[in-house]
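Note: the block below is model_33.cif and it holds mmCIF, C-alpha atoms.
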data_start
#
loop_
_atom_site.group_PDB
_atom_site.id
_atom_site.type_symbol
_atom_site.label_atom_id
_atom_site.label_comp_id
_atom_site.auth_asym_id
_atom_site.auth_seq_id
_atom_site.Cartn_x
_atom_site.Cartn_y
_atom_site.Cartn_z
ATOM 1 C CA MET A 258 0.000 0.000 0.000
ATOM 2 C CA THR A 259 1.406 3.419 -0.930
ATOM 3 C CA LEU A 260 0.480 6.891 0.267
ATOM 4 C CA HIS A 261 -0.001 9.281 -2.625
ATOM 5 C CA ALA A 262 0.365 13.059 -2.463
ATOM 6 C CA HIS A 263 -3.382 13.474 -2.949
ATOM 7 C CA GLY A 264 -4.125 11.950 0.463
ATOM 8 C CA ALA A 265 -5.363 8.556 -0.630
ATOM 9 C CA HIS A 266 -3.831 5.157 -0.438
ATOM 10 C CA GLN A 267 -4.000 2.935 -3.438
ATOM 11 C CA GLU A 268 -3.500 -0.737 -2.861
ATOM 12 C CA LEU A 269 -1.199 -2.462 -5.287
ATOM 13 C CA MET A 270 -1.397 -6.047 -6.391
ATOM 14 C CA ILE A 271 1.345 -7.944 -8.110
ATOM 15 C CA VAL A 272 -0.044 -9.546 -11.210
ATOM 16 C CA ALA A 273 2.040 -12.422 -12.481
ATOM 17 C CA MET A 274 2.252 -12.519 -16.235
ATOM 18 C CA ALA A 275 4.287 -14.680 -18.553
ATOM 19 C CA ARG A 276 7.938 -13.900 -17.634
ATOM 20 C CA LYS A 277 7.237 -10.492 -16.126
ATOM 21 C CA ARG A 278 5.395 -8.836 -13.276
ATOM 22 C CA THR A 279 3.536 -5.553 -13.317
ATOM 23 C CA LEU A 280 2.008 -3.523 -10.519
ATOM 24 C CA LYS A 281 -1.676 -2.884 -10.979
ATOM 25 C CA PRO A 282 -3.806 -0.592 -8.809
ATOM 26 C CA THR A 283 -6.778 -2.501 -7.451
ATOM 27 C CA GLY A 284 -8.637 -0.046 -5.247
ATOM 28 C CA TRP A 285 -8.632 3.074 -3.116
ATOM 29 C CA VAL A 286 -8.308 3.269 0.656
ATOM 30 C CA VAL A 287 -9.149 6.842 1.600
ATOM 31 C CA ASP A 288 -9.050 8.698 4.915
ATOM 32 C CA MET A 289 -11.228 11.792 4.420
ATOM 33 C CA ARG A 290 -9.407 13.643 7.216
ATOM 34 C CA HIS A 291 -6.319 13.832 4.972
ATOM 35 C CA TYR A 292 -8.132 16.342 2.757
ATOM 36 C CA LEU A 293 -8.970 18.720 5.607
ATOM 37 C CA ASP A 294 -7.038 21.463 7.359
ATOM 38 C CA GLU A 295 -6.615 20.375 10.989
ATOM 39 C CA ALA A 296 -7.187 23.879 12.336
ATOM 40 C CA THR A 297 -10.325 24.769 10.368
ATOM 41 C CA GLY A 298 -11.793 21.377 9.417
ATOM 42 C CA ALA A 299 -12.296 22.660 5.855
ATOM 43 C CA LEU A 300 -10.544 22.052 2.553
ATOM 44 C CA PRO A 301 -7.339 24.126 2.490
ATOM 45 C CA ASP A 302 -7.194 26.910 -0.115
ATOM 46 C CA ASN A 303 -3.860 25.697 -1.508
ATOM 47 C CA LEU A 304 -4.954 22.184 -2.554
ATOM 48 C CA PRO A 305 -4.165 21.307 -6.173
ATOM 49 C CA GLU A 306 -7.206 21.047 -8.446
ATOM 50 C CA ARG A 307 -6.769 17.284 -8.901
ATOM 51 C CA VAL A 308 -6.794 16.762 -5.126
ATOM 52 C CA VAL A 309 -9.904 18.927 -4.729
ATOM 53 C CA SER A 310 -11.569 16.867 -7.461
ATOM 54 C CA LEU A 311 -10.807 13.627 -5.580
ATOM 55 C CA ALA A 312 -12.019 15.114 -2.291
ATOM 56 C CA ILE A 313 -15.289 16.162 -3.924
ATOM 57 C CA PHE A 314 -15.750 12.711 -5.509
ATOM 58 C CA PHE A 315 -15.085 10.760 -2.297
ATOM 59 C CA GLY A 316 -17.026 13.352 -0.273
ATOM 60 C CA ALA A 317 -20.074 12.934 -2.519
ATOM 61 C CA ILE A 318 -20.029 9.193 -1.795
ATOM 62 C CA VAL A 319 -19.782 9.842 1.960
ATOM 63 C CA ALA A 320 -22.579 12.428 1.829
ATOM 64 C CA TRP A 321 -24.911 10.075 -0.046
ATOM 65 C CA VAL A 322 -24.290 7.095 2.209
ATOM 66 C CA THR A 323 -24.591 9.048 5.466
ATOM 67 C CA ASP A 324 -27.668 10.923 4.237
ATOM 68 C CA HIS A 325 -29.432 7.615 3.559
ATOM 69 C CA LEU A 326 -28.716 5.860 6.867
ATOM 70 C CA PRO A 327 -29.876 3.704 8.596
ATOM 71 C CA GLU A 328 -31.553 1.665 5.848
ATOM 72 C CA GLY A 329 -29.314 2.877 3.027
ATOM 73 C CA ASP A 330 -29.760 3.199 -0.696
ATOM 74 C CA GLU A 331 -26.778 1.671 -2.438
ATOM 75 C CA TYR A 332 -27.274 3.627 -5.689
ATOM 76 C CA THR A 333 -25.583 6.936 -4.962
ATOM 77 C CA ASN A 334 -26.264 9.167 -7.978
ATOM 78 C CA VAL A 335 -22.487 9.775 -7.962
ATOM 79 C CA PRO A 336 -21.051 9.259 -11.448
ATOM 80 C CA CYS A 337 -17.868 7.222 -11.802
ATOM 81 C CA ARG A 338 -14.798 9.397 -12.329
ATOM 82 C CA ARG A 339 -12.649 6.948 -14.290
ATOM 83 C CA SER A 340 -11.920 7.172 -17.981
ATOM 84 C CA PRO A 341 -10.659 3.752 -19.071
ATOM 85 C CA GLY A 342 -9.226 3.922 -22.586
ATOM 86 C CA ARG A 343 -9.773 7.710 -22.487
ATOM 87 C CA ARG A 344 -13.530 7.190 -22.567
ATOM 88 C CA ARG A 345 -15.573 8.384 -19.635
ATOM 89 C CA CYS A 346 -17.100 5.514 -17.632
ATOM 90 C CA ARG A 347 -20.888 5.823 -17.553
ATOM 91 C CA GLY A 348 -21.239 3.878 -14.312
ATOM 92 C CA GLU A 349 -22.900 5.064 -11.125
ATOM 93 C CA ILE A 350 -21.135 4.401 -7.846
ATOM 94 C CA ILE A 351 -22.730 1.828 -5.550
ATOM 95 C CA ALA A 352 -21.827 2.245 -1.878
ATOM 96 C CA GLU A 353 -22.794 1.143 1.602
ATOM 97 C CA LEU A 354 -21.656 1.487 5.181
ATOM 98 C CA ASP A 355 -19.981 -1.622 6.576
ATOM 99 C CA ARG A 356 -21.305 -1.478 10.134
ATOM 100 C CA THR A 357 -18.584 -3.830 11.377
ATOM 101 C CA SER A 358 -15.587 -1.746 10.268
ATOM 102 C CA GLY A 359 -17.235 1.669 9.929
ATOM 103 C CA TYR A 360 -15.808 1.933 6.403
ATOM 104 C CA ILE A 361 -17.865 3.051 3.444
ATOM 105 C CA ILE A 362 -17.344 0.426 0.753
ATOM 106 C CA TRP A 363 -17.930 1.567 -2.830
ATOM 107 C CA HIS A 364 -17.520 0.336 -6.396
ATOM 108 C CA CYS A 365 -18.479 1.070 -9.973
ATOM 109 C CA PRO A 366 -20.336 -1.892 -11.490
ATOM 110 C CA LEU A 367 -19.208 -0.978 -15.028
ATOM 111 C CA CYS A 368 -15.453 -0.370 -14.807
ATOM 112 C CA GLY A 369 -14.705 -2.003 -11.454
ATOM 113 C CA ASP A 370 -13.146 1.044 -9.759
ATOM 114 C CA ASN A 371 -13.611 0.532 -6.029
ATOM 115 C CA GLY A 372 -12.457 1.406 -2.569
ATOM 116 C CA TRP A 373 -12.965 1.937 1.138
ATOM 117 C CA ILE A 374 -13.470 5.292 2.802
ATOM 118 C CA HIS A 375 -12.781 5.850 6.489
ATOM 119 C CA GLY A 376 -12.198 8.887 8.688
ATOM 120 C CA TRP A 377 -15.436 10.370 7.335
ATOM 121 C CA GLU A 378 -17.120 10.803 10.711
ATOM 122 C CA ASP A 379 -17.552 14.450 11.767
ATOM 123 C CA THR A 380 -16.230 15.779 8.448
ATOM 124 C CA PRO A 381 -18.160 18.288 6.330
ATOM 125 C CA TRP A 382 -19.426 15.350 4.232
ATOM 126 C CA ASP A 383 -20.935 13.449 7.176
ATOM 127 C CA ARG A 384 -24.675 14.109 7.013
ATOM 128 C CA PRO A 385 -26.936 13.950 10.056
ATOM 129 C CA HIS A 386 -28.827 10.693 10.000
ATOM 130 C CA ASP A 387 -31.552 8.880 11.860
ATOM 131 C CA THR A 388 -30.059 6.893 14.716
ATOM 132 C CA GLY A 389 -33.197 4.835 15.147
ATOM 133 C CA ALA A 390 -34.350 6.836 18.165
ATOM 134 C CA ALA A 391 -37.972 7.846 18.434
ATOM 135 C CA PRO A 392 -38.652 11.340 17.099
ATOM 136 C CA PRO A 393 -39.144 13.982 19.770
ATOM 137 C CA SER A 394 -42.748 14.497 20.778
ATOM 138 C CA PRO A 395 -44.237 17.782 19.655
ATOM 139 C CA SER A 396 -44.407 20.560 22.181
ATOM 140 C CA PRO A 397 -47.819 20.962 23.743
ATOM 141 C CA THR A 398 -49.771 23.856 22.297
ATOM 142 C CA THR A 399 -51.900 26.136 24.318
ATOM 143 C CA THR A 400 -54.757 28.288 23.180
ATOM 144 C CA HIS A 401 -55.903 31.383 24.970
#

Could you express the structure from this file as structure tokens?
Amino acid sequence: MTLHAHGAHQELMIVAMARKRTLKPTGWVVDMRHYLDEATGALPDNLPERVVSLAIFFGAIVAWVTDHLPEGDEYTNVPCRRSPGRRRCRGEIIAELDRTSGYIIWHCPLCGDNGWIHGWEDTPWDRPHDTGAAPPSPSPTTTH
């Protein structure tokens, strides 16, 4: 696993081929806190455009998943960002919260891009969600 300058880890898998080996990226492991300024909790102003683009992509996945808890809706409305063969993938990201690990697991069913997102709790992308508690009872009204 290697840490890239854009704040994400990309797992590498050694693929054995006839007489040679190549390294092939197989998925993303992203900590959303790496995109944020520790002092402000916001995206820093000096982030390169490519890094901001990745933060927005991964953040959109986090926002969708956390907005649709507890039951979840795995179809996120987040378009895939890959362009295999220089052609934009037309897939839609499918994602869910793994309640055991706390990771958001996502993938594109068309091109296979995939990954895990952690460190999303209490970030700007973490949406308030229903914890399963009963809604508060309405305040009593009085008439005069």

Leaving out Ala320 in chain A and any residue of its chain fewer than 3 positions from it, which residues lie within 7 Å of it when counting all atoms listed in the file, given as a ChimeraX atom specification?
/A:316-317,323-324,382-384

Polymer residues at most 6 Å from range 349-364 of chain A, only C-alpha atoms, same-chain spacing of 6 or more positions, as a PyMOL selection string
chain A and resi 331-333+335-337+370-375

Selected by the PyMOL selection byres ((chain A and resi 303-305) around 12) in the shown coordinates: which residues, as an MDAnalysis selection string?
chainID A and resid 262:264 291:294 299:302 306:312

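Taking CA of Trp377 in chain A and CA of Met289 in chain A as endpoints, the distance between them is 5.3 Å.
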
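CA of Thr380 in chain A sits 27.0 Å away from CA of Pro366 in chain A.
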
Can you tell me, as lines of an AutoDock Vina configuration file, the centre and edge lengths (Å, one decimal) of the axis-aligned box enclosing all of range 308-313 of chain A's listed atoms after padding each side by 6 Å?
center_x = -11.0
center_y = 16.3
center_z = -4.9
size_x = 20.5
size_y = 17.3
size_z = 17.2

With only C-alpha atoms as the basis for distance, which of A:Cys365, A:Asp330, A:Val319, A:Glu378 is at the shortest distance from Arg347 in chain A?
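Checking each of A:Cys365, A:Asp330, A:Val319, A:Glu378 against Arg347 in chain A, counting only C-alpha atoms, the winner is A:Cys365.
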
Between CA of Phe314 in chain A and CA of Thr283 in chain A, what is the distance in Å, rounded to a tenth?
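So the two atoms, CA of Phe314 in chain A and CA of Thr283 in chain A, lie 17.8 Å apart.
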
Looking at A:Gly376, A:Glu328, A:Arg344, A:Cys368, which one is nearest to Val286 in chain A, with distances taken over only C-alpha atoms?
A:Gly376
